Every structure is written in C-alpha cells, then in structure tokens.
>>> print(open('upload_6.pdb').read())   # PDB, C-alpha atoms
MODEL        1
ATOM      1  CA  MET A   2     -33.578 166.235  27.284
ATOM      2  CA  VAL A   3     -32.177 169.301  29.045
ATOM      3  CA  LYS A   4     -28.982 169.112  31.081
ATOM      4  CA  PRO A   5     -29.108 170.998  34.407
ATOM      5  CA  THR A   6     -26.833 174.010  34.663
ATOM      6  CA  VAL A   7     -25.371 172.776  37.966
ATOM      7  CA  PRO A   8     -24.350 169.299  39.167
ATOM      8  CA  ILE A   9     -27.205 167.167  40.563
ATOM      9  CA  SER A  10     -26.638 164.443  43.161
ATOM     10  CA  PHE A  11     -28.679 161.807  41.296
ATOM     11  CA  ASP A  12     -29.484 160.924  37.682
ATOM     12  CA  SER A  13     -33.066 159.684  38.018
ATOM     13  CA  PHE A  14     -35.742 158.850  40.544
ATOM     14  CA  ASN A  15     -38.840 156.668  40.713
ATOM     15  CA  PHE A  16     -42.385 157.435  41.816
ATOM     16  CA  SER A  17     -45.095 155.016  42.787
ATOM     17  CA  VAL A  18     -48.318 155.422  40.846
ATOM     18  CA  GLU A  19     -50.006 156.397  44.134
ATOM     19  CA  GLU A  20     -47.621 159.336  44.459
ATOM     20  CA  ILE A  21     -48.083 160.365  40.829
ATOM     21  CA  GLU A  22     -51.882 160.253  41.142
ATOM     22  CA  GLY A  23     -51.669 162.990  43.755
ATOM     23  CA  TYR A  24     -50.381 165.306  41.019
ATOM     24  CA  LEU A  25     -52.534 164.099  38.147
ATOM     25  CA  GLY A  26     -55.809 164.055  40.017
ATOM     26  CA  GLY A  27     -55.292 167.318  41.839
ATOM     27  CA  ILE A  28     -56.729 167.951  45.248
ATOM     28  CA  PRO A  29     -59.810 166.030  46.453
ATOM     29  CA  ASP A  30     -63.259 167.518  45.862
ATOM     30  CA  ASP A  31     -64.053 170.309  48.294
ATOM     31  CA  PRO A  32     -66.924 169.128  50.548
ATOM     32  CA  ALA A  33     -68.372 172.648  50.385
ATOM     33  CA  PHE A  34     -69.158 172.062  46.710
ATOM     34  CA  GLN A  35     -70.524 168.543  47.176
ATOM     35  CA  LYS A  36     -73.515 169.478  49.309
ATOM     36  CA  PRO A  37     -76.391 167.343  48.010
ATOM     37  CA  LEU A  38     -79.303 168.717  46.044
ATOM     38  CA  SER A  39     -82.423 167.265  47.638
ATOM     39  CA  PRO A  40     -84.327 165.042  45.176
ATOM     40  CA  LYS A  41     -87.484 166.329  43.538
ATOM     41  CA  THR A  42     -90.136 165.196  41.098
ATOM     42  CA  TYR A  43     -91.873 166.731  38.126
ATOM     43  CA  THR A  44     -95.147 165.470  36.700
ATOM     44  CA  MET A  45     -95.513 166.021  32.976
ATOM     45  CA  LYS A  46     -98.771 166.770  31.213
ATOM     46  CA  ASP A  47     -99.226 163.119  30.224
ATOM     47  CA  GLY A  48     -99.002 162.109  33.899
ATOM     48  CA  GLU A  49     -95.532 160.577  33.725
ATOM     49  CA  GLN A  50     -93.402 161.470  36.721
ATOM     50  CA  LEU A  51     -89.704 162.263  36.500
ATOM     51  CA  VAL A  52     -87.254 162.097  39.384
ATOM     52  CA  ILE A  53     -84.479 164.703  39.441
ATOM     53  CA  ARG A  54     -81.584 163.968  41.757
ATOM     54  CA  SER A  55     -77.831 164.079  42.226
ATOM     55  CA  ALA A  56     -75.805 161.388  40.495
ATOM     56  CA  GLU A  57     -73.057 159.379  42.151
ATOM     57  CA  LYS A  58     -69.726 158.504  40.586
ATOM     58  CA  SER A  59     -70.644 154.824  40.819
ATOM     59  CA  GLU A  60     -73.435 155.603  38.322
ATOM     60  CA  ALA A  61     -71.047 157.024  35.719
ATOM     61  CA  PRO A  62     -70.928 153.766  33.684
ATOM     62  CA  ALA A  63     -74.709 153.915  33.113
ATOM     63  CA  ILE A  64     -74.429 157.564  32.026
ATOM     64  CA  LEU A  65     -71.486 156.856  29.728
ATOM     65  CA  LYS A  66     -73.299 153.915  28.125
ATOM     66  CA  SER A  67     -76.227 156.235  27.422
ATOM     67  CA  LEU A  68     -74.022 158.920  25.882
ATOM     68  CA  LYS A  69     -71.797 156.651  23.799
ATOM     69  CA  PRO A  70     -74.184 156.388  20.805
ATOM     70  CA  LEU A  71     -73.946 160.170  20.357
ATOM     71  CA  ILE A  72     -70.261 159.794  19.510
ATOM     72  CA  ASP A  73     -71.269 159.237  15.919
ATOM     73  CA  GLY A  74     -71.581 161.673  13.044
ATOM     74  CA  LYS A  75     -75.168 160.606  12.347
ATOM     75  CA  TYR A  76     -76.170 162.635  15.391
ATOM     76  CA  ASP A  77     -74.697 165.822  13.940
ATOM     77  CA  LYS A  78     -77.900 167.835  14.182
ATOM     78  CA  ASP A  79     -78.783 170.506  16.758
ATOM     79  CA  PHE A  80     -75.166 170.078  17.946
ATOM     80  CA  TYR A  81     -76.060 166.813  19.720
ATOM     81  CA  HIS A  82     -72.845 165.247  18.405
ATOM     82  CA  LEU A  83     -70.623 167.985  19.843
ATOM     83  CA  VAL A  84     -72.506 168.279  23.139
ATOM     84  CA  GLY A  85     -72.673 164.495  23.486
ATOM     85  CA  VAL A  86     -68.927 164.057  22.994
ATOM     86  CA  ARG A  87     -68.047 166.846  25.397
ATOM     87  CA  THR A  88     -70.481 165.659  28.050
ATOM     88  CA  TYR A  89     -69.135 162.111  27.734
ATOM     89  CA  ALA A  90     -65.612 163.433  28.340
ATOM     90  CA  GLU A  91     -66.745 165.464  31.347
ATOM     91  CA  VAL A  92     -68.573 162.560  32.983
ATOM     92  CA  LEU A  93     -65.570 160.290  32.370
ATOM     93  CA  ALA A  94     -63.220 162.903  33.843
ATOM     94  CA  TRP A  95     -65.582 163.318  36.820
ATOM     95  CA  GLN A  96     -65.558 159.562  37.411
ATOM     96  CA  GLN A  97     -61.782 159.336  37.137
ATOM     97  CA  ASN A  98     -61.008 162.405  39.260
ATOM     98  CA  ARG A  99     -59.811 164.605  36.430
ATOM     99  CA  LEU A 100     -62.398 167.370  36.781
ATOM    100  CA  LYS A 101     -62.189 169.815  39.670
ATOM    101  CA  ASP A 102     -65.207 170.094  41.995
ATOM    102  CA  ALA A 103     -67.768 168.830  39.485
ATOM    103  CA  TYR A 104     -71.410 167.997  40.151
ATOM    104  CA  VAL A 105     -73.774 165.891  38.027
ATOM    105  CA  ILE A 106     -77.590 165.866  38.217
ATOM    106  CA  VAL A 107     -79.831 163.389  36.399
ATOM    107  CA  ALA A 108     -83.498 163.160  35.438
ATOM    108  CA  THR A 109     -84.919 159.643  35.358
ATOM    109  CA  LYS A 110     -88.169 157.844  34.772
ATOM    110  CA  LYS A 111     -89.799 156.271  37.824
ATOM    111  CA  ASP A 112     -87.961 152.992  37.076
ATOM    112  CA  GLY A 113     -84.578 154.738  37.055
ATOM    113  CA  GLU A 114     -84.056 154.996  33.276
ATOM    114  CA  LEU A 115     -81.937 158.018  32.396
ATOM    115  CA  VAL A 116     -83.819 160.753  30.530
ATOM    116  CA  GLY A 117     -81.317 163.619  30.709
ATOM    117  CA  LEU A 118     -78.441 165.074  32.693
ATOM    118  CA  VAL A 119     -76.586 168.267  33.487
ATOM    119  CA  ASP A 120     -73.165 168.977  34.907
ATOM    120  CA  HIS A 121     -71.415 171.985  36.362
ATOM    121  CA  ARG A 122     -68.342 172.657  38.425
ATOM    122  CA  PHE A 123     -67.128 175.205  40.910
ATOM    123  CA  TRP A 124     -64.343 177.596  39.984
ATOM    124  CA  ASP A 125     -64.204 178.801  43.594
ATOM    125  CA  ARG A 126     -66.573 179.772  46.417
ATOM    126  CA  ASN A 127     -67.840 182.690  44.337
ATOM    127  CA  VAL A 128     -68.326 181.250  40.827
ATOM    128  CA  ALA A 129     -70.020 178.136  39.454
ATOM    129  CA  VAL A 130     -69.347 177.168  35.850
ATOM    130  CA  SER A 131     -72.137 175.601  33.822
ATOM    131  CA  LEU A 132     -70.862 172.820  31.571
ATOM    132  CA  HIS A 133     -73.586 170.964  29.645
ATOM    133  CA  THR A 134     -77.282 170.148  29.558
ATOM    134  CA  LEU A 135     -78.258 167.080  27.547
ATOM    135  CA  VAL A 136     -81.672 165.474  27.055
ATOM    136  CA  LEU A 137     -81.730 161.921  25.663
ATOM    137  CA  LYS A 138     -85.502 161.662  25.415
ATOM    138  CA  ARG A 139     -86.756 164.992  24.184
ATOM    139  CA  ALA A 140     -89.845 165.632  26.262
ATOM    140  CA  GLU A 141     -91.734 168.415  27.940
ATOM    141  CA  ARG A 142     -89.375 170.914  29.611
ATOM    142  CA  VAL A 143     -86.766 168.332  30.673
ATOM    143  CA  GLY A 144     -83.844 170.518  29.615
ATOM    144  CA  VAL A 145     -85.310 173.541  31.379
ATOM    145  CA  LEU A 146     -85.949 171.549  34.570
ATOM    146  CA  LEU A 147     -82.408 170.233  34.637
ATOM    147  CA  TYR A 148     -80.796 173.590  33.867
ATOM    148  CA  VAL A 149     -82.770 175.251  36.654
ATOM    149  CA  SER A 150     -81.768 172.404  38.987
ATOM    150  CA  LYS A 151     -78.063 172.991  38.555
ATOM    151  CA  MET A 152     -78.492 176.744  39.080
ATOM    152  CA  GLU A 153     -80.508 175.921  42.194
ATOM    153  CA  HIS A 154     -77.682 173.715  43.458
ATOM    154  CA  ALA A 155     -75.080 176.417  42.817
ATOM    155  CA  PHE A 156     -76.996 179.354  44.311
ATOM    156  CA  ASP A 157     -79.251 177.855  46.995
ATOM    157  CA  VAL A 158     -77.298 174.811  48.162
ATOM    158  CA  VAL A 159     -73.654 175.825  47.749
ATOM    159  CA  GLY A 160     -74.151 179.596  47.861
ATOM    160  CA  VAL A 161     -72.120 181.026  44.984
ATOM    161  CA  ASN A 162     -72.616 184.589  43.781
ATOM    162  CA  GLU A 163     -72.269 184.098  40.016
ATOM    163  CA  TRP A 164     -73.250 181.459  37.463
ATOM    164  CA  TRP A 165     -71.155 181.351  34.273
ATOM    165  CA  ALA A 166     -72.551 179.623  31.192
ATOM    166  CA  THR A 167     -71.888 179.430  27.495
ATOM    167  CA  PHE A 168     -74.173 178.038  24.824
ATOM    168  CA  GLU A 169     -73.088 175.760  21.984
ATOM    169  CA  SER A 170     -76.465 175.298  20.301
ATOM    170  CA  PRO A 171     -79.629 177.297  19.602
ATOM    171  CA  PHE A 172     -81.381 175.086  22.174
ATOM    172  CA  GLY A 173     -78.844 176.181  24.775
ATOM    173  CA  PHE A 174     -79.045 179.830  23.823
ATOM    174  CA  ARG A 175     -82.826 179.651  24.095
ATOM    175  CA  LEU A 176     -82.373 178.649  27.746
ATOM    176  CA  GLY A 177     -80.025 181.552  28.362
ATOM    177  CA  PHE A 178     -82.332 183.989  26.601
ATOM    178  CA  ARG A 179     -85.339 182.780  28.626
ATOM    179  CA  PHE A 180     -83.491 183.337  31.909
ATOM    180  CA  ASN A 181     -82.066 186.746  30.994
ATOM    181  CA  HIS A 182     -78.370 185.896  31.106
ATOM    182  CA  VAL A 183     -76.071 188.853  30.515
ATOM    183  CA  THR A 184     -72.521 188.809  29.153
ATOM    184  CA  LYS A 185     -69.051 189.483  30.438
ATOM    185  CA  ALA A 186     -66.649 191.564  28.345
ATOM    186  CA  TRP A 187     -65.197 189.416  25.566
ATOM    187  CA  PRO A 188     -62.439 188.522  24.707
ATOM    188  CA  GLU A 189     -61.085 189.861  27.986
ATOM    189  CA  MET A 190     -63.112 187.181  29.782
ATOM    190  CA  GLN A 191     -63.736 183.798  28.161
ATOM    191  CA  HIS A 192     -65.647 180.693  29.156
ATOM    192  CA  GLU A 193     -63.523 177.591  29.651
ATOM    193  CA  LEU A 194     -65.565 175.707  27.030
ATOM    194  CA  GLY A 195     -63.651 176.814  23.962
ATOM    195  CA  GLY A 196     -63.143 180.447  24.882
ATOM    196  CA  ALA A 197     -66.710 181.436  24.026
ATOM    197  CA  ARG A 198     -68.610 184.324  25.575
ATOM    198  CA  ILE A 199     -69.533 184.103  29.236
ATOM    199  CA  PHE A 200     -73.263 184.466  29.791
ATOM    200  CA  TYR A 201     -73.877 184.918  33.485
ATOM    201  CA  ILE A 202     -76.462 185.324  36.208
ATOM    202  CA  ASN A 203     -75.631 186.776  39.599
ATOM    203  CA  ARG A 204     -77.313 186.050  42.910
ATOM    204  CA  GLN A 205     -79.565 189.121  42.718
ATOM    205  CA  GLN A 206     -80.859 188.061  39.294
ATOM    206  CA  TRP A 207     -81.447 184.536  40.587
ATOM    207  CA  GLU A 208     -83.370 185.656  43.657
ATOM    208  CA  GLN A 209     -85.372 188.468  42.083
ATOM    209  CA  TYR A 210     -86.162 187.126  38.621
ATOM    210  CA  VAL A 211     -84.969 183.670  37.577
ATOM    211  CA  LYS A 212     -86.072 181.674  40.613
ATOM    212  CA  PRO A 213     -89.532 183.332  40.912
ATOM    213  CA  PHE A 214     -90.014 182.924  37.150
ATOM    214  CA  ALA A 215     -89.181 179.203  37.390
ATOM    215  CA  LYS A 216     -91.262 178.691  40.508
ATOM    216  CA  GLU A 217     -94.323 180.268  38.915
ATOM    217  CA  ARG A 218     -94.107 177.696  36.110
ATOM    218  CA  ASN A 219     -93.378 174.771  38.460
ATOM    219  CA  TRP A 220     -89.927 174.310  36.904
ATOM    220  CA  LEU A 221     -88.402 173.886  40.369
ATOM    221  CA  GLY A 222     -90.298 170.608  40.750
ATOM    222  CA  SER A 223     -91.921 169.242  43.899
ATOM    223  CA  ARG A 224     -90.434 168.183  47.229
ATOM    224  CA  PRO A 225     -90.198 166.057  49.285
ATOM    225  CA  VAL A 226     -89.937 162.868  47.261
ATOM    226  CA  ASP A 227     -91.613 159.806  48.723
ATOM    227  CA  LYS A 228     -88.970 157.298  49.877
ATOM    228  CA  GLY A 229     -90.653 154.532  47.909
ATOM    229  CA  THR A 230     -90.602 156.598  44.717
ATOM    230  CA  LEU A 231     -86.934 157.433  45.183
ATOM    231  CA  ALA A 232     -86.043 153.810  45.903
ATOM    232  CA  LYS A 233     -87.752 152.617  42.716
ATOM    233  CA  ALA A 234     -85.803 155.172  40.691
ATOM    234  CA  LYS A 235     -82.506 153.558  41.711
ATOM    235  CA  PRO A 236     -80.160 152.215  40.552
ATOM    236  CA  LEU A 237     -79.671 154.445  37.541
ATOM    237  CA  LYS A 238     -80.377 152.577  34.322
ATOM    238  CA  PRO A 239     -78.904 153.459  30.914
ATOM    239  CA  THR A 240     -81.227 155.057  28.391
ATOM    240  CA  SER A 241     -83.002 152.253  26.519
ATOM    241  CA  SER A 242     -83.236 154.271  23.305
ATOM    242  CA  ILE A 243     -82.363 157.810  22.321
ATOM    243  CA  GLU A 244     -85.587 159.578  21.390
ATOM    244  CA  ILE A 245     -84.661 162.830  19.702
ATOM    245  CA  GLU A 246     -85.595 164.092  16.250
ATOM    246  CA  PHE A 247     -83.160 163.523  13.380
TER     247      PHE A 247
ENDMDL
END
>>> encode(input="upload_6.pdb", output="structure tokens")
Amino acid sequence: MVKPTVPISFDSFNFSVEEIEGYLGGIPDDPAFQKPLSPKTYTMKDGEQLVIRSAEKSEAPAILKSLKPLIDGKYDKDFYHLVGVRTYAEVLAWQQNRLKDAYVIVATKKDGELVGLVDHRFWDRNVAVSLHTLVLKRAERVGVLLYVSKMEHAFDVVGVNEWWATFESPFGFRLGFRFNHVTKAWPEMQHELGGARIFYINRQQWEQYVKPFAKERNWLGSRPVDKGTLAKAKPLKPTSSIEIEF
C-alpha cells in the first residue's frame, strides 16, 4: 500500500464489473480489421474437399475442445505441444475479448469437422501479425493453404502493407522459407511471440511473388463456394481424432 503525498477526499471507491471490463477488455474490435474472408474450397488429390472460412467467436468452444488434447507432454514432437498450448490461449483470449483485433480462419471437412486453423491479429492499419498455424489432421498442403489464407485476408481484404511472422518449429520455418520472408533487424525489432526474429513480407512481395506463386499451385483455393456445401460445413464440429505422426 502506498500513501498519497497529498490529502485525498475519499478512502476507497467501488466499480461495477461492467465498468472494469471496459479496462480489461480494451476497446472493441475495429470493424476495419473484421472484414470477412470469403469462403473457399480446396479439393485434395484423393478427392476430399475442404472448406476454408472465417470462424466465429461462438465456434470457439469447438476449437478449444479440439486443441485441448495437445496440452499434454506426449505431444512434445515437432513443437505441437508448444504451438497447441499457445494457440489454445489465443483462441480463448479471442473468445473472451482479451486479444486485440484478432482473426481466426478454419479448414473443415465437408461435414464441418475441424481439420486445422490459423490466427492473426492487426497491430494497426499498416501491420498484421501472424500468430499460429496448426493442423490437427496432417494432410496434403493444409498448413500451406491456411497460412496463405490469413495472408490473403491481411493484404487483399483488410489492406495492410506488412505481414510479420515468426516461426517456432521447422514446419513453420519451411513455410516462411517457401514464401521468401525476409527479416527485420534483431534485437532492435522483436516479434511479440517471445521476442523472436520478425520474418516479414510486404505488399510488393505479396503481389509480385507470393500470391502468383500460390495461385499457380492452386493454394488460394476455389471460389465461390456453393451455398449447399457451405451450409453442410456448419456448425463447426470438434476434431474427432488428432491424426498427426508421433
């Protein structure tokens, strides 16, 4: 306890929880950052079709249920344990309004079962910060498709000028290497995920290299999505079983 240096007219005061929430939760999400990514599909080589779309906060419980098994040391391979725990915390914070201007994108099977997800948030109108990419059923290019989707949302839908990422696993770094990320000066500039190096892409790189490279390989997916297909892929269902190699 610290005594004020001058007399104060009252000894204590009370706040309602509604008033306190205004401080704890920060300002509401900026609508400029919540512009929806239009849904798309991707057909894998075996013919199975995935739906890639924006997630809603009401779907957070299904995502959290899917991620919860990763909060276990037995998944400590390929950094799944670390990435799973951090992604769980980010989705929970997103749901409970403790993460500024966040955006979550999911990939599902045609029946709505969660296959993988990505999240990112907006530092300001100029910079988007990549958080995590997590695949729960390791399959053909799912991580690549999702990572490209959140860059697409940041650059093409919202209109930022820079994309800041860091990579916590060799799988993540492989994504960054494939898309020719470059680095900011370190330690002068640090990524918010643990102070690691910032690997970034600017708008020119996106337009002239990354997006054409992804489009050539069909990693941008296909649009529009048939209304019937989209309807069948909702509501989001938790992952029935985690299918990754351990």
>>> closest_residue(input="upload_6.pdb", among="A:His82, A:Lys185, A:Lys228, A:Lys66", to="Glu114 of chain A", atoms="all atoms listed in the file")
A:Lys66
>>> closest_residue(input="upload_6.pdb", among="A:Ala140, A:Leu38, A:Val86, A:Ala63", to="Phe156 of chain A", atoms="all atoms listed in the file")
A:Leu38
>>> closest_residue(input="upload_6.pdb", among="A:Met2, A:Met152, A:Ala108, A:Leu65", to="Lys235 of chain A", atoms="all atoms listed in the file")
A:Ala108
>>> closest_residue(input="upload_6.pdb", among="A:Leu146, A:Ser131, A:Glu141, A:Tyr201", to="Asn162 of chain A", atoms="only C-alpha atoms")
A:Tyr201
>>> closest_atom_pairs(input="upload_6.pdb", of="segment 51-163 of chain A", to="segment 176-182 of chain A", cutoff="10 Å", atoms="all atoms listed in the file", output="tab-separated table")
residue	atom	partner	partner_atom	distance
A:Gly144	CA	A:Leu176	CA	8.5
A:Val145	CA	A:Leu176	CA	6.9
A:Tyr148	CA	A:Leu176	CA	8.1
A:Val149	CA	A:Phe180	CA	9.4
>>> atom_distance(input="upload_6.pdb", atom1="atom CA of Phe200 of chain A", atom2="atom CA of Leu221 of chain A")
21.3 Å
>>> resolve_selection(input="upload_6.pdb", expression="the PyMOL selection byres ((chain A and resi 57) around 12)", output="list in words")
Gln35, Pro37, Leu38, Arg54, Ser55, Ala56, Lys58, Ser59, Glu60, Ala61, Pro62, Ala63, Ile64, Val92, Trp95, Gln96, Ala103, Tyr104, Val105, Ile106, Val107, Lys235, Pro236 and Leu237 of chain A
>>> resolve_selection(input="upload_6.pdb", expression="the PyMOL selection byres ((chain A and resi 244) around 9)", output="PyMOL selection string")
chain A and resi 137-140+242-243+245-246
>>> write_last_selection(input="upload_6.pdb", atoms="C-alpha atoms", output="PDB file, in the frame of the given file")
ATOM      1  CA  LEU A 137     -81.730 161.921  25.663  1.00  0.00           C
ATOM      2  CA  LYS A 138     -85.502 161.662  25.415  1.00  0.00           C
ATOM      3  CA  ARG A 139     -86.756 164.992  24.184  1.00  0.00           C
ATOM      4  CA  ALA A 140     -89.845 165.632  26.262  1.00  0.00           C
ATOM      5  CA  SER A 242     -83.236 154.271  23.305  1.00  0.00           C
ATOM      6  CA  ILE A 243     -82.363 157.810  22.321  1.00  0.00           C
ATOM      7  CA  ILE A 245     -84.661 162.830  19.702  1.00  0.00           C
ATOM      8  CA  GLU A 246     -85.595 164.092  16.250  1.00  0.00           C
TER       9      GLU A 246
END
>>> resolve_selection(input="upload_6.pdb", expression="the PyMOL selection byres ((chain A and resi 230) around 10)", output="list in words")
Thr42, Gln50, Val52, Lys111, Asp112, Gly113, Val226, Asp227, Lys228, Gly229, Leu231, Ala232, Lys233, Ala234 and Lys235 of chain A
>>> closest_residue(input="upload_6.pdb", among="A:Asp30, A:Glu163, A:Asp47, A:Asp125", to="Thr184 of chain A", atoms="only C-alpha atoms")
A:Glu163
>>> closest_atom_pairs(input="upload_6.pdb", of="segment 21-90 of chain A", to="segment 192-198 of chain A", cutoff="12 Å", atoms="only C-alpha atoms", output="CSV")
residue,atom,partner,partner_atom,distance
A:Leu83,CA,A:Leu194,CA,11.7
A:Val84,CA,A:Leu194,CA,10.9
A:Arg87,CA,A:Leu194,CA,9.3
A:Thr88,CA,A:Leu194,CA,11.2
>>> atom_distance(input="upload_6.pdb", atom1="atom CA of Gly23 of chain A", atom2="atom CA of Asn98 of chain A")
10.4 Å
>>> atom_distance(input="upload_6.pdb", atom1="atom CA of Ile53 of chain A", atom2="atom CA of Asp157 of chain A")
16.0 Å
>>> residues_around(input="upload_6.pdb", residues="Gly26 of chain A", least_positions_apart="3", cutoff="10 Å", atoms="all atoms listed in the file", output="list in words")
Ile21, Glu22, Gly23, Pro29, Ala94, Gln97, Asn98, Arg99, Leu100 and Lys101 of chain A
>>> residues_around(input="upload_6.pdb", residues="Leu51 of chain A", least_positions_apart="3", cutoff="9 Å", atoms="all atoms listed in the file", output="ChimeraX atom specification")
/A:41-45,108-111,116,143
>>> closest_residue(input="upload_6.pdb", among="A:Leu135, A:Val161, A:Ala90, A:Ala129", to="Gly173 of chain A", atoms="only C-alpha atoms")
A:Leu135
>>> axis_aligned_box(input="upload_6.pdb", around="segment 99-105 of chain A", padding_each_side="4 Å", output="AutoDock Vina command-line options")
--center_x -66.8 --center_y 167.3 --center_z 39.2 --size_x 22.0 --size_y 13.5 --size_z 13.6
